[in-house]
file entry36.cif (mmCIF, C-alpha atoms)
data_data
loop_
_atom_site.label_atom_id
_atom_site.label_comp_id
_atom_site.auth_asym_id
_atom_site.auth_seq_id
_atom_site.Cartn_x
_atom_site.Cartn_y
_atom_site.Cartn_z
CA MET A 1 -35.20 0.13 -6.46
CA GLU A 2 -37.18 -2.78 -7.79
CA PHE A 3 -34.18 -3.96 -9.82
CA LEU A 4 -32.44 -4.89 -6.53
CA SER A 5 -35.15 -7.37 -5.55
CA GLN A 6 -34.34 -9.54 -8.59
CA MET A 7 -30.67 -9.95 -7.60
CA GLU A 8 -28.97 -12.57 -5.48
CA LEU A 9 -28.27 -11.69 -1.85
CA LEU A 10 -24.52 -10.99 -2.26
CA GLU A 11 -24.98 -8.79 -5.33
CA ARG A 12 -27.79 -6.92 -3.57
CA ALA A 13 -25.48 -6.41 -0.55
CA PHE A 14 -22.82 -4.89 -2.80
CA TRP A 15 -25.41 -2.43 -4.16
CA TYR A 16 -26.65 -1.57 -0.66
CA VAL A 17 -23.09 -0.65 0.29
CA ALA A 18 -22.18 1.08 -3.00
CA ILE A 19 -25.09 3.52 -3.18
CA PRO A 20 -24.70 5.26 0.22
CA ALA A 21 -20.88 5.09 0.06
CA SER A 22 -20.94 6.77 -3.36
CA ILE A 23 -23.34 9.49 -2.19
CA ILE A 24 -21.20 10.22 0.87
CA PHE A 25 -18.04 10.24 -1.27
CA ILE A 26 -19.60 12.72 -3.69
CA LEU A 27 -20.69 14.95 -0.79
CA GLN A 28 -17.22 14.78 0.76
CA SER A 29 -15.61 15.67 -2.56
CA VAL A 30 -17.92 18.62 -3.19
CA MET A 31 -17.43 19.89 0.35
CA THR A 32 -13.65 19.55 0.03
CA PHE A 33 -13.52 21.45 -3.27
CA LEU A 34 -15.78 24.18 -1.87
CA GLY A 35 -13.74 24.37 1.31
CA THR A 36 -16.74 23.70 3.53
CA ASP A 37 -15.66 20.39 5.03
CA SER A 38 -14.89 20.45 8.73
CA HIS A 39 -11.31 19.28 8.25
CA ASP A 40 -8.99 18.19 5.49
CA GLY A 41 -9.47 14.45 5.97
CA THR A 42 -6.11 13.92 7.58
CA GLN A 43 -7.39 14.05 11.15
CA ALA A 44 -8.22 10.91 13.06
CA ASP A 45 -11.70 10.17 14.32
CA PHE A 46 -10.07 9.19 17.61
CA SER A 47 -6.88 10.09 19.43
CA GLY A 48 -4.96 6.83 18.92
CA ASN A 49 -1.61 6.89 17.22
CA LEU A 50 -1.20 3.47 15.61
CA ASP A 51 2.25 3.61 14.12
CA GLY A 52 4.23 5.49 16.77
CA ASN A 53 5.32 8.41 14.59
CA ASP A 54 3.79 11.75 13.71
CA ALA A 55 1.93 10.70 10.57
CA PRO A 56 -0.36 13.30 8.96
CA PHE A 57 -3.13 10.71 8.68
CA GLN A 58 -4.61 7.78 10.60
CA LEU A 59 -5.75 4.39 9.39
CA PHE A 60 -9.20 4.51 10.99
CA SER A 61 -11.08 7.58 9.78
CA PHE A 62 -14.48 8.13 8.21
CA ARG A 63 -12.90 9.13 4.91
CA ASN A 64 -10.84 5.92 4.80
CA LEU A 65 -13.95 3.88 5.61
CA ILE A 66 -15.76 5.46 2.66
CA ASN A 67 -12.73 4.85 0.39
CA PHE A 68 -12.64 1.20 1.44
CA LEU A 69 -16.38 0.74 0.96
CA LEU A 70 -16.21 2.33 -2.50
CA GLY A 71 -13.49 -0.04 -3.66
CA PHE A 72 -15.11 -3.05 -1.99
CA SER A 73 -18.64 -2.53 -3.24
CA TRP A 74 -17.99 -1.33 -6.78
CA SER A 75 -15.46 -4.08 -7.44
CA GLY A 76 -18.05 -6.56 -6.14
CA ILE A 77 -20.63 -5.19 -8.53
CA SER A 78 -18.15 -5.14 -11.42
CA PHE A 79 -16.74 -8.64 -10.88
CA TYR A 80 -19.95 -10.36 -9.78
CA SER A 81 -20.67 -11.93 -13.15
CA ILE A 82 -16.99 -12.58 -13.92
CA ILE A 83 -15.91 -14.38 -10.71
CA SER A 84 -18.29 -17.28 -10.01
CA ASN A 85 -16.65 -18.36 -6.72
CA LYS A 86 -18.29 -16.06 -4.13
CA LEU A 87 -15.53 -16.50 -1.52
CA LEU A 88 -12.89 -15.54 -4.09
CA LEU A 89 -15.05 -12.58 -5.12
CA VAL A 90 -15.23 -11.30 -1.52
CA VAL A 91 -11.45 -11.73 -1.09
CA VAL A 92 -10.80 -9.79 -4.32
CA CYS A 93 -13.20 -7.06 -3.17
CA LEU A 94 -11.43 -6.82 0.20
CA MET A 95 -8.09 -6.42 -1.58
CA VAL A 96 -9.48 -3.74 -3.91
CA GLY A 97 -10.97 -1.87 -0.92
CA ALA A 98 -7.65 -2.03 0.93
CA SER A 99 -5.84 -0.80 -2.19
CA PHE A 100 -8.20 2.22 -2.31
CA VAL A 101 -7.15 3.13 1.24
CA TYR A 102 -3.47 2.58 0.37
CA LEU A 103 -3.88 4.76 -2.74
CA PHE A 104 -5.37 7.53 -0.57
CA PHE A 105 -2.38 7.27 1.82
CA PHE A 106 0.03 7.39 -1.11
CA ILE A 107 -1.62 10.50 -2.57
CA ILE A 108 -1.74 12.31 0.79
CA LYS A 109 1.90 11.41 1.54
CA ASN A 110 3.02 12.87 -1.78
CA LEU A 111 0.86 15.96 -1.33
CA MET A 112 2.40 16.53 2.10
CA ARG A 113 5.82 16.68 0.42
CA LEU A 114 4.65 19.77 -1.43
CA SER A 115 4.16 21.73 1.77
CA GLU A 116 7.40 23.34 2.80
CA ASP A 117 8.29 26.01 5.34
CA ASN A 118 10.31 28.60 3.44
CA SER A 119 10.22 31.27 6.10
CA LEU A 120 13.57 32.92 6.70
CA LYS A 121 15.32 31.70 9.84
CA LEU A 122 18.52 33.56 10.59
CA THR A 123 19.95 30.47 12.27
CA SER A 124 20.04 28.89 8.80
CA ALA A 125 22.70 31.45 7.85
CA LEU A 126 25.16 30.28 10.52
CA ASN A 127 28.44 28.95 9.05
CA GLN A 128 27.38 30.02 5.56
CA THR A 129 29.63 32.00 3.25
CA ALA A 130 28.34 35.28 1.87
CA GLU A 131 29.40 38.27 -0.18
CA VAL A 132 29.59 41.75 1.32
CA TYR A 133 27.01 43.92 -0.42
CA LEU A 134 27.63 47.17 1.51
CA LYS A 135 30.93 47.78 3.34
CA ILE A 136 30.97 46.52 6.92
CA PRO A 137 32.65 49.01 9.34
CA ALA A 138 35.31 47.80 11.79
CA SER A 139 34.56 46.40 15.28
CA LYS A 140 30.81 46.93 15.55
CA ASN A 141 31.04 50.65 14.64
CA GLY A 142 28.09 50.24 12.34
CA LYS A 143 26.29 47.83 10.08
CA GLY A 144 26.90 46.73 6.56
CA LYS A 145 24.97 44.31 4.38
CA ILE A 146 25.75 40.88 3.00
CA MET A 147 24.15 38.69 0.34
CA VAL A 148 23.73 35.14 1.63
CA SER A 149 21.99 32.11 0.14
CA ILE A 150 19.55 30.44 2.53
CA ASN A 151 17.38 27.54 1.36
CA GLY A 152 18.22 28.25 -2.26
CA SER A 153 17.34 31.96 -2.33
CA PHE A 154 19.53 35.01 -1.79
CA HIS A 155 18.83 37.41 1.05
CA GLU A 156 20.28 40.84 1.79
CA LEU A 157 20.85 40.93 5.54
CA ASP A 158 22.43 43.31 8.05
CA ALA A 159 25.91 42.32 9.19
CA MET A 160 28.64 43.45 11.58
CA THR A 161 32.18 42.29 12.28
CA ASN A 162 34.36 42.06 15.39
CA GLY A 163 37.56 42.76 13.41
CA GLU A 164 38.69 45.25 10.81
CA ALA A 165 36.41 46.77 8.16
CA ILE A 166 35.38 44.48 5.30
CA PRO A 167 35.05 46.04 1.82
CA THR A 168 32.24 45.51 -0.65
CA GLY A 169 32.65 42.33 -2.68
CA ALA A 170 34.68 40.46 -0.04
CA ILE A 171 33.72 36.91 0.92
CA VAL A 172 32.77 36.41 4.57
CA LYS A 173 31.59 33.62 6.84
CA VAL A 174 28.67 34.02 9.26
CA VAL A 175 29.91 33.09 12.73
CA SER A 176 27.07 34.19 15.04
CA ILE A 177 23.87 36.18 15.40
CA ASP A 178 23.43 39.14 17.75
CA ASN A 179 20.02 40.87 18.00
CA ASN A 180 19.01 39.73 14.48
CA ILE A 181 22.29 41.02 13.03
CA LEU A 182 24.72 38.55 11.53
CA ILE A 183 28.28 38.66 12.87
CA VAL A 184 30.76 37.80 10.13
CA ASN A 185 34.50 37.24 9.72
CA LYS A 186 36.51 37.72 6.57
CA PHE A 187 36.92 34.39 4.78
#

call {"tool": "encode", "arguments": {"input": "entry36.cif", "output": "structure tokens"}}
result
Amino acid sequence: MEFLSQMELLERAFWYVAIPASIIFILQSVMTFLGTDSHDGTQADFSGNLDGNDAPFQLFSFRNLINFLLGFSWSGISFYSIISNKLLLVVVCLMVGASFVYLFFFIIKNLMRLSEDNSLKLTSALNQTAEVYLKIPASKNGKGKIMVSINGSFHELDAMTNGEAIPTGAIVKVVSIDNNILIVNKF
């Protein structure tokens, strides 16, 4: 590390921040890809909720600190010979570090959109129209089956009616649920 002793104080400070931040970032990345990290990086290092809503991430976390330090230090090293005004250099580095944290938030927010609960909830079938798949006997004398679209996919579900029998192919409307059986009326 003798090359650091020949540098000016500010440039040396950027290197002293960049080296450990880069090593920690590499370790975090390897641990994340191997699945051995203790959490997914979206948990806060403390229990404070800064923005008042249920965000999947917090501003002050170890991962965000490392992201900020990476942007801050490496931009300082990169722009040190280009920007001669040291105050301007530090301001630019602060903005680059903050943009690294914002970029992380943006990526996590978009990744969270990919997670979706597609489990079948019978309550989602209420007030939906469906087609009778197997004849439904009159007045709860037995069960038939209907084909109903819930969350963009078709499901074959048990159905009963309170009225007269409904033939196969008829269109019905789901009006209630009784013991995980859909109660339908002819449409």

call {"tool": "closest_residue", "arguments": {"input": "entry36.cif", "among": "A:Thr168, A:Ile183, A:Lys86, A:Asn162", "to": "Ala125 of chain A", "atoms": "all atoms listed in the file"}}
result
A:Ile183

call {"tool": "resolve_selection", "arguments": {"input": "entry36.cif", "expression": "the PyMOL selection byres ((chain A and resi 132) around 10)", "output": "list in words"}}
result
Thr129, Ala130, Glu131, Tyr133, Leu134, Lys135, Ile136, Gly144, Lys145, Ile146, Met147, Val148, Glu156, Leu157, Asp158, Ala159, Ile166, Pro167, Thr168, Gly169, Ala170, Ile171, Val172, Val184 and Lys186 of chain A

call {"tool": "closest_residue", "arguments": {"input": "entry36.cif", "among": "A:Met160, A:Val90, A:Ile83, A:Val30", "to": "Ala13 of chain A", "atoms": "only C-alpha atoms"}}
result
A:Val90

call {"tool": "closest_atom_pairs", "arguments": {"input": "entry36.cif", "of": "segment 102-171 of chain A", "to": "segment 67-78 of chain A", "cutoff": "10 Å", "atoms": "all atoms listed in the file", "output": "Markdown table"}}
result
| residue | atom | partner | partner_atom | distance |
| --- | --- | --- | --- | --- |
| A:Tyr102 | CA | A:Phe68 | CA | 9.3 |
| A:Leu103 | CA | A:Asn67 | CA | 9.4 |
| A:Phe104 | CA | A:Asn67 | CA | 7.9 |

call {"tool": "atom_distance", "arguments": {"input": "entry36.cif", "atom1": "atom CA of Asn185 of chain A", "atom2": "atom CA of His155 of chain A"}}
result
17.9 Å

call {"tool": "resolve_selection", "arguments": {"input": "entry36.cif", "expression": "the PyMOL selection byres ((chain A and resi 66) around 10)", "output": "count of residues only"}}
result
23

call {"tool": "closest_residue", "arguments": {"input": "entry36.cif", "among": "A:Gly163, A:Tyr80, A:Ser115, A:Phe3", "to": "Cys93 of chain A", "atoms": "only C-alpha atoms"}}
result
A:Tyr80

call {"tool": "atom_distance", "arguments": {"input": "entry36.cif", "atom1": "atom CA of Asn180 of chain A", "atom2": "atom CA of Gly142 of chain A"}}
result
14.1 Å

call {"tool": "atom_distance", "arguments": {"input": "entry36.cif", "atom1": "atom CA of Lys109 of chain A", "atom2": "atom CA of Leu34 of chain A"}}
result
22.1 Å

call {"tool": "closest_residue", "arguments": {"input": "entry36.cif", "among": "A:Lys173, A:Leu9, A:Thr161, A:Asn85", "to": "Gln128 of chain A", "atoms": "only C-alpha atoms"}}
result
A:Lys173

call {"tool": "resolve_selection", "arguments": {"input": "entry36.cif", "expression": "the PyMOL selection byres ((chain A and resi 123) around 12)", "output": "list in words"}}
result
Ser119, Leu120, Lys121, Leu122, Ser124, Ala125, Leu126, Asn127, Gln128, Ile150, Asn151, Val174, Val175, Ser176, Ile177, Asp178, Asn179, Asn180, Ile181, Leu182 and Ile183 of chain A

call {"tool": "build_atoms", "arguments": {"input": "entry36.cif", "residues": "segment 161-175 of chain A", "atoms": "N, CA, C and O atoms", "output": "mmCIF file, in the coordinates of the input"}}
result
data_model
loop_
_atom_site.group_PDB
_atom_site.id
_atom_site.type_symbol
_atom_site.label_atom_id
_atom_site.label_comp_id
_atom_site.auth_asym_id
_atom_site.auth_seq_id
_atom_site.Cartn_x
_atom_site.Cartn_y
_atom_site.Cartn_z
ATOM 1 N N THR A 161 30.991 43.095 12.062
ATOM 2 C CA THR A 161 32.180 42.290 12.280
ATOM 3 C C THR A 161 32.851 42.687 13.580
ATOM 4 O O THR A 161 32.680 43.815 14.062
ATOM 5 N N ASN A 162 33.606 41.767 14.165
ATOM 6 C CA ASN A 162 34.360 42.060 15.390
ATOM 7 C C ASN A 162 35.776 42.531 15.057
ATOM 8 O O ASN A 162 36.485 43.020 15.915
ATOM 9 N N GLY A 163 36.198 42.400 13.819
ATOM 10 C CA GLY A 163 37.560 42.760 13.410
ATOM 11 C C GLY A 163 37.599 44.038 12.618
ATOM 12 O O GLY A 163 36.821 44.966 12.832
ATOM 13 N N GLU A 164 38.511 44.070 11.655
ATOM 14 C CA GLU A 164 38.690 45.250 10.810
ATOM 15 C C GLU A 164 37.575 45.348 9.767
ATOM 16 O O GLU A 164 36.844 44.388 9.530
ATOM 17 N N ALA A 165 37.448 46.509 9.159
ATOM 18 C CA ALA A 165 36.410 46.770 8.160
ATOM 19 C C ALA A 165 36.545 45.783 6.992
ATOM 20 O O ALA A 165 37.645 45.376 6.621
ATOM 21 N N ILE A 166 35.405 45.426 6.425
ATOM 22 C CA ILE A 166 35.380 44.480 5.300
ATOM 23 C C ILE A 166 34.782 45.213 4.100
ATOM 24 O O ILE A 166 33.663 45.716 4.158
ATOM 25 N N PRO A 167 35.534 45.277 2.980
ATOM 26 C CA PRO A 167 35.050 46.040 1.820
ATOM 27 C C PRO A 167 33.966 45.311 1.041
ATOM 28 O O PRO A 167 33.793 44.103 1.150
ATOM 29 N N THR A 168 33.267 46.060 0.230
ATOM 30 C CA THR A 168 32.240 45.510 -0.650
ATOM 31 C C THR A 168 32.881 44.489 -1.594
ATOM 32 O O THR A 168 33.970 44.701 -2.110
ATOM 33 N N GLY A 169 32.178 43.366 -1.785
ATOM 34 C CA GLY A 169 32.650 42.330 -2.680
ATOM 35 C C GLY A 169 33.475 41.248 -2.001
ATOM 36 O O GLY A 169 33.769 40.219 -2.602
ATOM 37 N N ALA A 170 33.881 41.463 -0.745
ATOM 38 C CA ALA A 170 34.680 40.460 -0.040
ATOM 39 C C ALA A 170 33.794 39.278 0.356
ATOM 40 O O ALA A 170 32.580 39.411 0.535
ATOM 41 N N ILE A 171 34.437 38.119 0.494
ATOM 42 C CA ILE A 171 33.720 36.910 0.920
ATOM 43 C C ILE A 171 33.883 36.778 2.428
ATOM 44 O O ILE A 171 34.993 36.895 2.968
ATOM 45 N N VAL A 172 32.766 36.526 3.117
ATOM 46 C CA VAL A 172 32.770 36.410 4.570
ATOM 47 C C VAL A 172 32.050 35.124 4.996
ATOM 48 O O VAL A 172 31.348 34.496 4.203
ATOM 49 N N LYS A 173 32.271 34.778 6.258
ATOM 50 C CA LYS A 173 31.590 33.620 6.840
ATOM 51 C C LYS A 173 30.792 34.103 8.043
ATOM 52 O O LYS A 173 31.286 34.851 8.880
ATOM 53 N N VAL A 174 29.533 33.648 8.137
ATOM 54 C CA VAL A 174 28.670 34.020 9.260
ATOM 55 C C VAL A 174 29.061 33.178 10.452
ATOM 56 O O VAL A 174 29.029 31.947 10.397
ATOM 57 N N VAL A 175 29.447 33.834 11.558
ATOM 58 C CA VAL A 175 29.910 33.090 12.730
ATOM 59 C C VAL A 175 28.925 33.112 13.888
ATOM 60 O O VAL A 175 28.931 32.210 14.714
#
